Amino acid sequence: MQEKAEIRSKYWLAVFLVAAYTIPFAVGIYTENVFFDLQWLADLTTVILNGIMQGGVYAMFAVGLTLIFGVMRIINVAHGELVMLGAYLTWMFFFYVGVDPLLALFITLPIAFVIGLLIQKLLLNAVVGGPELTPLLITFGMGLTIIHIVEAIFTTDYRTIPYAPDAFQLTETIAVSRSKIISFVMAAFISITVFIFLKIHRIGKAIRATAQNADVAMVCGINIFHIYMITSGLAAALAVAGGALVSIQFGFNPETGVLYTLQAFAIIVLGGRGHYIGALIGGVMLAVIESLISFMIPNGTAMVEIASYGMMVFVLLIRPRGLMGPKEN
Amino acid sequence: MADMEIALDIQHLKKYFGGIKAVDGCTFQVPRGQISGLIGPNGSGKTTTFNLLTGVLEADSGEVIYNGENIVGLKPYEIFNRGISRTFQITRIYREMTVFENMLSASSMKMPVREARERAEQLMEFVTLTKLRGEYGGNLSYGQQKLLEFARALMTDPDLILLDEPAAGVNRTLLNNLLDHIHHLQEEQGKTILIVEHDMNVIMNHCEKVFVLDYGVKIAEGLPEDIQTNEDVIEAYFGHR
Ligand SMILES: Nc1ncnc2c1ncn2[C@@H]1O[C@H](COP(=O)(O)OP(=O)(O)O)[C@@H](O)[C@H]1O
Ligand SMILES: [Mg+2]
């Protein structure tokens with residue numbers, strides 16, 4: 001019985017995803033934005049490539065969220081604010097100190113790690129394993145606090161970092177912006193490093209052990225509160241790295257974090273909560289559909305948020321465990 | 001008994017779950033360097049006692065003196081790092097980790113990585129799981145999971161080992177294997193072992209001393225053969241339940 005429901009939900013998810021990817025084309029055809037000539041196909045390829053590149057960055061910061069959820073069952077709604085904070089940190093180092101945004105990662109990532117560690121130690125360690133609402137409210141308040149502090153310092157104006165704006169000509173008609181490629185490569189590098197760390201390093205193993213069963217981890221000598229702190233530090237570093245990499249592509253203001261939180265949630269719901277590889281796949285899938293929407297639907301850029309939200313709601317309705325998440329609940 | 005000969009001094013240990021008096025002022029002393037048994041009818045508080053001794057549950061009151069220190073109130077990992085290790089009645093291995101990773105996960109952060117790997121290899125050999133080192137925990141048979149959990153509990157070379165129903169669900173060959181290992185640990189390495197077990201053959205043939213719990217209270221202790229004929233014990237097992 002359950003087996004059947006399980007298979008059925010998988011098919012419905014597939015149907016939903018196919019539909020989600022088809023709708024932009026349908027709307028595009030209906031509104032005569034789709035031409036099917038060579039130039040249009042080249043543009044489409046460019047858009048999809050850009051989406052994949054973008055997806056790498058989304059995936060990276062979504063992994064931070066999924067780590068926290070997987071290890072502590074905490075829903076951190078301030079994750080996007082850390083992404084935004086990362087963008088501002090990068091911006092500060094760029095404009096005040098003149099540090100290259102990528103080199104700045106050597107400074108911003110350790111800072112982020114310490115911030116994550118402190119948030120965990122001071123705010124979250126006491127409430128892990130308790131009622132789920134408490135950490136949710138704490139991170140919600142934390143997110144608002146970050147937004148207001150950043151607003152007080154930097155105002156609500158949009159900021160940008162001019163960085164590698166020229167395009168990289170793949171073929172005569174297909175070009176990808178250089179900053180996107182750089183971001184993607186960095187994101188892939190960081191994601192793979194974290195993945196290997198989790199797989200191979202003993203602290204990584206302790207993190208996975210704690211995620212699987214904190215009680216057992218404790219009787220096997222693992223100080224889970226230290227593990228929680230390291231996990232939060234890592235997650236914050238992933239968020240801030242994400243912020244650095246989006247800051248060289250898009251403008252940002254103190255409120256952009258909200259969208260990143262939403263995207264990260266859509267990604268981990270689609271990929272499967274707590275699942276690392278799932279988050280990577282989910283990230284790319286979400287970014288590609290966003291690119292298709294803004295490419296083919298008139299005024300599509302404004303619709304992009306709907307993609308995240310719609311994705312999240314429908315996956316939760318159809319198949320709560322997403323693509324690769326664990327079976328229970 | 002002289003202090004040196006007591007591994008674990010349990011004094012008036014108490015744990016209630018609402019109205020259920022799971023452990024109700026339990027007092028006994030586990031002798032050092034021996035294999036002891038903890039028995040009692042279902043629900044008499046044996047597993048809860050283990051949970052209290054290992055910090056998985058916090059006692060309402062009472063003391064547990066280990067190496068001169070009261071360990072009640074310590075976190076499980078603090079107790080583990082003082083040399084007390086355990087297995088669970090229903091095995092708790094990491095199902096999504098390999099056998100080898102399960103072993104390594106129980107190495108103390110202070111143990112050098114190379115040493116941890118070597119020890120894991122030795123112990124897997126010891127319980128004949130070397131062939132399955134790359135297999136995921138969830139794919140092992142129940143008996144193999146028990147062996148893995150047992151081997152994992154030995155990773156840091158603990159002085160006191162608590163085994164909760166090691167014989168349950170394990171076939172005869174595996175069980176004899178496990179018992180050999182337990183004797184080896186006691187005889188060759190001087191470990192203290194406390195076993196909760198329903199299988200009376202295991203208790204009678206392998207334990208030097210037996211403690212009997214009923215309704216969370218120790219009602220008897222002594223040599224296995226004396227326990228077998230103890231009136232209170234027979235009453236506890238067959239009388240009121
Ligand atoms: N976490 C718990 N919450 C409530 N009651 C519990 C809990 N754990 C054990 N109990 C109860 O405490 C009593 C002792 O249980 P337990 O220690 O598991 O017994 P044993 O291991 O001797 O069979 C039982 O009545 C059991 O139902
Ligand atoms: Mg029990």
# chains A, B, ... in the order shown; residues from 1 in each chain; ligands from 1
$ residues_near_ligand --ligand "ligand 2" --cutoff "7 Å" --atoms "only C-alpha atoms and all ligand atoms" --output "list in words"
Asn42, Gly43, Lys46, Thr47, Gln89 and Asp164 of chain B
$ select_by_dssp --residues "range 130-184 of chain B" --states "strand (DSSP E or B)" --output "list of chain:residue names"
B:Tyr136, B:Leu160, B:Ile161, B:Leu162, B:Leu163, B:Asp164
$ write_last_selection --atoms "C-alpha atoms" --output "tab-separated table (two decimals), in the first residue's frame"
chain	number	residue	atom	x	y	z
B	136	TYR	CA	26.26	0.10	4.95
B	160	LEU	CA	33.55	-0.65	31.87
B	161	ILE	CA	31.31	-2.17	29.23
B	162	LEU	CA	27.52	-2.27	29.58
B	163	LEU	CA	25.72	-4.73	27.30
B	164	ASP	CA	21.91	-4.54	27.03
$ interface_residues --of "chain B" --to "chain A" --cutoff "10 Å" --atoms "only C-alpha atoms" --output "PDB file with N, CA, C and O atoms, in the first residue's frame"
ATOM      1  N   ASN B  51      20.548   3.494  30.976  1.00  0.00           N
ATOM      2  CA  ASN B  51      20.440   4.862  30.452  1.00  0.00           C
ATOM      3  C   ASN B  51      20.894   5.892  31.482  1.00  0.00           C
ATOM      4  O   ASN B  51      21.470   6.919  31.131  1.00  0.00           O
ATOM      5  N   THR B  54      24.777   5.797  31.771  1.00  0.00           N
ATOM      6  CA  THR B  54      25.519   6.339  30.632  1.00  0.00           C
ATOM      7  C   THR B  54      25.113   7.781  30.296  1.00  0.00           C
ATOM      8  O   THR B  54      25.560   8.329  29.297  1.00  0.00           O
ATOM      9  N   GLY B  55      24.240   8.359  31.117  1.00  0.00           N
ATOM     10  CA  GLY B  55      23.888   9.762  30.912  1.00  0.00           C
ATOM     11  C   GLY B  55      22.860   9.995  29.814  1.00  0.00           C
ATOM     12  O   GLY B  55      22.532  11.130  29.499  1.00  0.00           O
ATOM     13  N   VAL B  56      22.337   8.902  29.228  1.00  0.00           N
ATOM     14  CA  VAL B  56      21.304   9.056  28.198  1.00  0.00           C
ATOM     15  C   VAL B  56      20.053   9.652  28.833  1.00  0.00           C
ATOM     16  O   VAL B  56      19.341  10.449  28.226  1.00  0.00           O
ATOM     17  N   LYS B  75      27.184  14.640  30.862  1.00  0.00           N
ATOM     18  CA  LYS B  75      26.643  14.345  29.537  1.00  0.00           C
ATOM     19  C   LYS B  75      27.150  12.972  29.073  1.00  0.00           C
ATOM     20  O   LYS B  75      28.229  12.546  29.481  1.00  0.00           O
ATOM     21  N   PRO B  76      26.383  12.311  28.189  1.00  0.00           N
ATOM     22  CA  PRO B  76      26.803  10.982  27.731  1.00  0.00           C
ATOM     23  C   PRO B  76      28.238  10.938  27.203  1.00  0.00           C
ATOM     24  O   PRO B  76      28.975   9.993  27.494  1.00  0.00           O
ATOM     25  N   TYR B  77      28.638  11.979  26.432  1.00  0.00           N
ATOM     26  CA  TYR B  77      29.991  11.919  25.871  1.00  0.00           C
ATOM     27  C   TYR B  77      31.055  12.113  26.951  1.00  0.00           C
ATOM     28  O   TYR B  77      32.163  11.603  26.831  1.00  0.00           O
ATOM     29  N   GLU B  78      30.681  12.819  28.022  1.00  0.00           N
ATOM     30  CA  GLU B  78      31.643  12.970  29.122  1.00  0.00           C
ATOM     31  C   GLU B  78      31.832  11.646  29.847  1.00  0.00           C
ATOM     32  O   GLU B  78      32.950  11.275  30.216  1.00  0.00           O
ATOM     33  N   ILE B  79      30.730  10.930  30.028  1.00  0.00           N
ATOM     34  CA  ILE B  79      30.811   9.622  30.677  1.00  0.00           C
ATOM     35  C   ILE B  79      31.579   8.646  29.791  1.00  0.00           C
ATOM     36  O   ILE B  79      32.452   7.914  30.249  1.00  0.00           O
ATOM     37  N   PHE B  80      31.267   8.667  28.503  1.00  0.00           N
ATOM     38  CA  PHE B  80      31.985   7.809  27.543  1.00  0.00           C
ATOM     39  C   PHE B  80      33.484   8.084  27.611  1.00  0.00           C
ATOM     40  O   PHE B  80      34.291   7.163  27.640  1.00  0.00           O
ATOM     41  N   ASN B  81      33.843   9.359  27.653  1.00  0.00           N
ATOM     42  CA  ASN B  81      35.263   9.710  27.654  1.00  0.00           C
ATOM     43  C   ASN B  81      35.958   9.350  28.973  1.00  0.00           C
ATOM     44  O   ASN B  81      37.179   9.362  29.044  1.00  0.00           O
ATOM     45  N   ARG B  82      35.178   9.004  29.994  1.00  0.00           N
ATOM     46  CA  ARG B  82      35.777   8.530  31.244  1.00  0.00           C
ATOM     47  C   ARG B  82      35.950   7.013  31.232  1.00  0.00           C
ATOM     48  O   ARG B  82      36.424   6.442  32.209  1.00  0.00           O
ATOM     49  N   GLY B  83      35.518   6.383  30.148  1.00  0.00           N
ATOM     50  CA  GLY B  83      35.793   4.952  30.024  1.00  0.00           C
ATOM     51  C   GLY B  83      34.610   4.024  30.216  1.00  0.00           C
ATOM     52  O   GLY B  83      34.780   2.849  30.502  1.00  0.00           O
ATOM     53  N   ILE B  84      33.393   4.554  30.058  1.00  0.00           N
ATOM     54  CA  ILE B  84      32.217   3.681  30.138  1.00  0.00           C
ATOM     55  C   ILE B  84      31.558   3.639  28.761  1.00  0.00           C
ATOM     56  O   ILE B  84      31.249   4.664  28.171  1.00  0.00           O
ATOM     57  N   SER B  85      31.363   2.441  28.269  1.00  0.00           N
ATOM     58  CA  SER B  85      30.822   2.277  26.926  1.00  0.00           C
ATOM     59  C   SER B  85      29.659   1.304  26.979  1.00  0.00           C
ATOM     60  O   SER B  85      29.561   0.517  27.907  1.00  0.00           O
ATOM     61  N   ARG B  86      28.772   1.348  25.982  1.00  0.00           N
ATOM     62  CA  ARG B  86      27.584   0.506  26.062  1.00  0.00           C
ATOM     63  C   ARG B  86      27.076   0.060  24.700  1.00  0.00           C
ATOM     64  O   ARG B  86      27.451   0.615  23.661  1.00  0.00           O
ATOM     65  N   THR B  87      26.209  -0.939  24.728  1.00  0.00           N
ATOM     66  CA  THR B  87      25.413  -1.269  23.554  1.00  0.00           C
ATOM     67  C   THR B  87      23.949  -1.102  23.941  1.00  0.00           C
ATOM     68  O   THR B  87      23.632  -0.954  25.114  1.00  0.00           O
ATOM     69  N   PHE B  88      23.073  -1.128  22.939  1.00  0.00           N
ATOM     70  CA  PHE B  88      21.649  -0.917  23.198  1.00  0.00           C
ATOM     71  C   PHE B  88      20.858  -2.208  23.006  1.00  0.00           C
ATOM     72  O   PHE B  88      21.243  -3.079  22.233  1.00  0.00           O
ATOM     73  N   ARG B  92      21.715   0.177  17.886  1.00  0.00           N
ATOM     74  CA  ARG B  92      21.702   1.519  17.322  1.00  0.00           C
ATOM     75  C   ARG B  92      23.024   1.758  16.610  1.00  0.00           C
ATOM     76  O   ARG B  92      23.963   2.296  17.176  1.00  0.00           O
ATOM     77  N   ILE B  93      23.080   1.328  15.384  1.00  0.00           N
ATOM     78  CA  ILE B  93      24.244   1.642  14.575  1.00  0.00           C
ATOM     79  C   ILE B  93      23.818   2.723  13.595  1.00  0.00           C
ATOM     80  O   ILE B  93      22.637   3.010  13.462  1.00  0.00           O
ATOM     81  N   TYR B  94      24.773   3.339  12.941  1.00  0.00           N
ATOM     82  CA  TYR B  94      24.426   4.307  11.896  1.00  0.00           C
ATOM     83  C   TYR B  94      24.137   3.523  10.623  1.00  0.00           C
ATOM     84  O   TYR B  94      25.024   2.931  10.039  1.00  0.00           O
ATOM     85  N   ARG B  95      22.881   3.540  10.216  1.00  0.00           N
ATOM     86  CA  ARG B  95      22.467   2.720   9.083  1.00  0.00           C
ATOM     87  C   ARG B  95      23.013   3.256   7.761  1.00  0.00           C
ATOM     88  O   ARG B  95      23.197   2.519   6.817  1.00  0.00           O
ATOM     89  N   GLU B  96      23.228   4.568   7.719  1.00  0.00           N
ATOM     90  CA  GLU B  96      23.704   5.164   6.460  1.00  0.00           C
ATOM     91  C   GLU B  96      25.200   5.406   6.459  1.00  0.00           C
ATOM     92  O   GLU B  96      25.706   6.252   5.737  1.00  0.00           O
ATOM     93  N   MET B  97      25.899   4.677   7.308  1.00  0.00           N
ATOM     94  CA  MET B  97      27.354   4.731   7.277  1.00  0.00           C
ATOM     95  C   MET B  97      27.872   3.313   7.117  1.00  0.00           C
ATOM     96  O   MET B  97      27.214   2.352   7.529  1.00  0.00           O
ATOM     97  N   GLU B 101      33.076   3.164   8.864  1.00  0.00           N
ATOM     98  CA  GLU B 101      32.750   4.508   9.361  1.00  0.00           C
ATOM     99  C   GLU B 101      32.076   4.444  10.725  1.00  0.00           C
ATOM    100  O   GLU B 101      32.309   5.287  11.589  1.00  0.00           O
ATOM    101  N   ASN B 102      31.219   3.435  10.905  1.00  0.00           N
ATOM    102  CA  ASN B 102      30.603   3.246  12.213  1.00  0.00           C
ATOM    103  C   ASN B 102      31.668   3.079  13.282  1.00  0.00           C
ATOM    104  O   ASN B 102      31.574   3.651  14.368  1.00  0.00           O
ATOM    105  N   MET B 103      32.679   2.303  12.961  1.00  0.00           N
ATOM    106  CA  MET B 103      33.753   2.067  13.922  1.00  0.00           C
ATOM    107  C   MET B 103      34.489   3.376  14.215  1.00  0.00           C
ATOM    108  O   MET B 103      34.689   3.734  15.367  1.00  0.00           O
ATOM    109  N   LEU B 104      34.863   4.073  13.151  1.00  0.00           N
ATOM    110  CA  LEU B 104      35.647   5.299  13.339  1.00  0.00           C
ATOM    111  C   LEU B 104      34.870   6.370  14.101  1.00  0.00           C
ATOM    112  O   LEU B 104      35.445   7.166  14.831  1.00  0.00           O
ATOM    113  N   SER B 105      33.544   6.355  13.931  1.00  0.00           N
ATOM    114  CA  SER B 105      32.730   7.395  14.563  1.00  0.00           C
ATOM    115  C   SER B 105      32.832   7.335  16.088  1.00  0.00           C
ATOM    116  O   SER B 105      32.512   8.294  16.765  1.00  0.00           O
ATOM    117  N   ALA B 106      33.265   6.202  16.610  1.00  0.00           N
ATOM    118  CA  ALA B 106      33.355   6.084  18.069  1.00  0.00           C
ATOM    119  C   ALA B 106      34.777   6.284  18.580  1.00  0.00           C
ATOM    120  O   ALA B 106      35.075   5.962  19.721  1.00  0.00           O
ATOM    121  N   SER B 107      35.650   6.794  17.720  1.00  0.00           N
ATOM    122  CA  SER B 107      37.004   7.054  18.207  1.00  0.00           C
ATOM    123  C   SER B 107      37.036   8.446  18.811  1.00  0.00           C
ATOM    124  O   SER B 107      36.423   9.366  18.288  1.00  0.00           O
ATOM    125  N   SER B 108      37.723   8.566  19.897  1.00  0.00           N
ATOM    126  CA  SER B 108      37.795   9.885  20.530  1.00  0.00           C
ATOM    127  C   SER B 108      38.583  10.831  19.627  1.00  0.00           C
ATOM    128  O   SER B 108      39.492  10.420  18.920  1.00  0.00           O
ATOM    129  N   MET B 109      38.203  12.122  19.661  1.00  0.00           N
ATOM    130  CA  MET B 109      38.883  13.101  18.820  1.00  0.00           C
ATOM    131  C   MET B 109      40.365  13.202  19.203  1.00  0.00           C
ATOM    132  O   MET B 109      41.174  13.692  18.437  1.00  0.00           O
ATOM    133  N   VAL B 113      44.363   9.792  14.096  1.00  0.00           N
ATOM    134  CA  VAL B 113      43.557   9.138  13.071  1.00  0.00           C
ATOM    135  C   VAL B 113      44.118   7.763  12.712  1.00  0.00           C
ATOM    136  O   VAL B 113      43.383   6.784  12.594  1.00  0.00           O
ATOM    137  N   ARG B 152      32.102  -1.519  18.130  1.00  0.00           N
ATOM    138  CA  ARG B 152      32.167  -0.062  18.198  1.00  0.00           C
ATOM    139  C   ARG B 152      32.326   0.406  19.647  1.00  0.00           C
ATOM    140  O   ARG B 152      33.051   1.357  19.927  1.00  0.00           O
ATOM    141  N   ALA B 153      31.659  -0.313  20.548  1.00  0.00           N
ATOM    142  CA  ALA B 153      31.729   0.071  21.961  1.00  0.00           C
ATOM    143  C   ALA B 153      33.137  -0.115  22.525  1.00  0.00           C
ATOM    144  O   ALA B 153      33.446   0.397  23.588  1.00  0.00           O
ATOM    145  N   LEU B 154      33.972  -0.868  21.805  1.00  0.00           N
ATOM    146  CA  LEU B 154      35.320  -1.138  22.313  1.00  0.00           C
ATOM    147  C   LEU B 154      36.376  -0.213  21.719  1.00  0.00           C
ATOM    148  O   LEU B 154      37.555  -0.311  22.059  1.00  0.00           O
ATOM    149  N   MET B 155      35.953   0.674  20.819  1.00  0.00           N
ATOM    150  CA  MET B 155      36.914   1.490  20.070  1.00  0.00           C
ATOM    151  C   MET B 155      37.891   2.243  20.962  1.00  0.00           C
ATOM    152  O   MET B 155      39.075   2.330  20.686  1.00  0.00           O
ATOM    153  N   THR B 156      37.386   2.823  22.047  1.00  0.00           N
ATOM    154  CA  THR B 156      38.268   3.654  22.876  1.00  0.00           C
ATOM    155  C   THR B 156      38.857   2.870  24.037  1.00  0.00           C
ATOM    156  O   THR B 156      39.356   3.461  24.985  1.00  0.00           O
TER     157      THR B 156
END
$ residues_near_ligand --ligand "ligand 1" --cutoff "7 Å" --atoms "only C-alpha atoms and all ligand atoms" --output "NGL selection string"
:B and (17 or 20-22 or 40-49)
$ write_last_selection --atoms "C-alpha atoms" --output "PDB file, in the first residue's frame"
ATOM      1  CA  PHE B  17       8.472   8.746  34.244  1.00  0.00           C
ATOM      2  CA  ILE B  20       5.948   5.098  36.516  1.00  0.00           C
ATOM      3  CA  LYS B  21       8.707   4.346  38.991  1.00  0.00           C
ATOM      4  CA  ALA B  22      11.142   2.910  36.461  1.00  0.00           C
ATOM      5  CA  GLY B  40      14.717  -8.880  36.258  1.00  0.00           C
ATOM      6  CA  PRO B  41      11.270  -9.260  34.709  1.00  0.00           C
ATOM      7  CA  ASN B  42      10.269  -7.129  31.742  1.00  0.00           C
ATOM      8  CA  GLY B  43       9.857  -3.511  32.716  1.00  0.00           C
ATOM      9  CA  SER B  44      11.802  -3.870  35.939  1.00  0.00           C
ATOM     10  CA  GLY B  45      14.070  -0.948  35.023  1.00  0.00           C
ATOM     11  CA  LYS B  46      17.198  -2.597  33.627  1.00  0.00           C
ATOM     12  CA  THR B  47      17.438  -0.543  30.454  1.00  0.00           C
ATOM     13  CA  THR B  48      16.528   2.618  32.339  1.00  0.00           C
ATOM     14  CA  THR B  49      19.356   1.858  34.767  1.00  0.00           C
TER      15      THR B  49
END
$ atom_distance --atom1 "CA of Val210 in chain B" --atom2 "CA of Gly222 in chain B"
5.5 Å
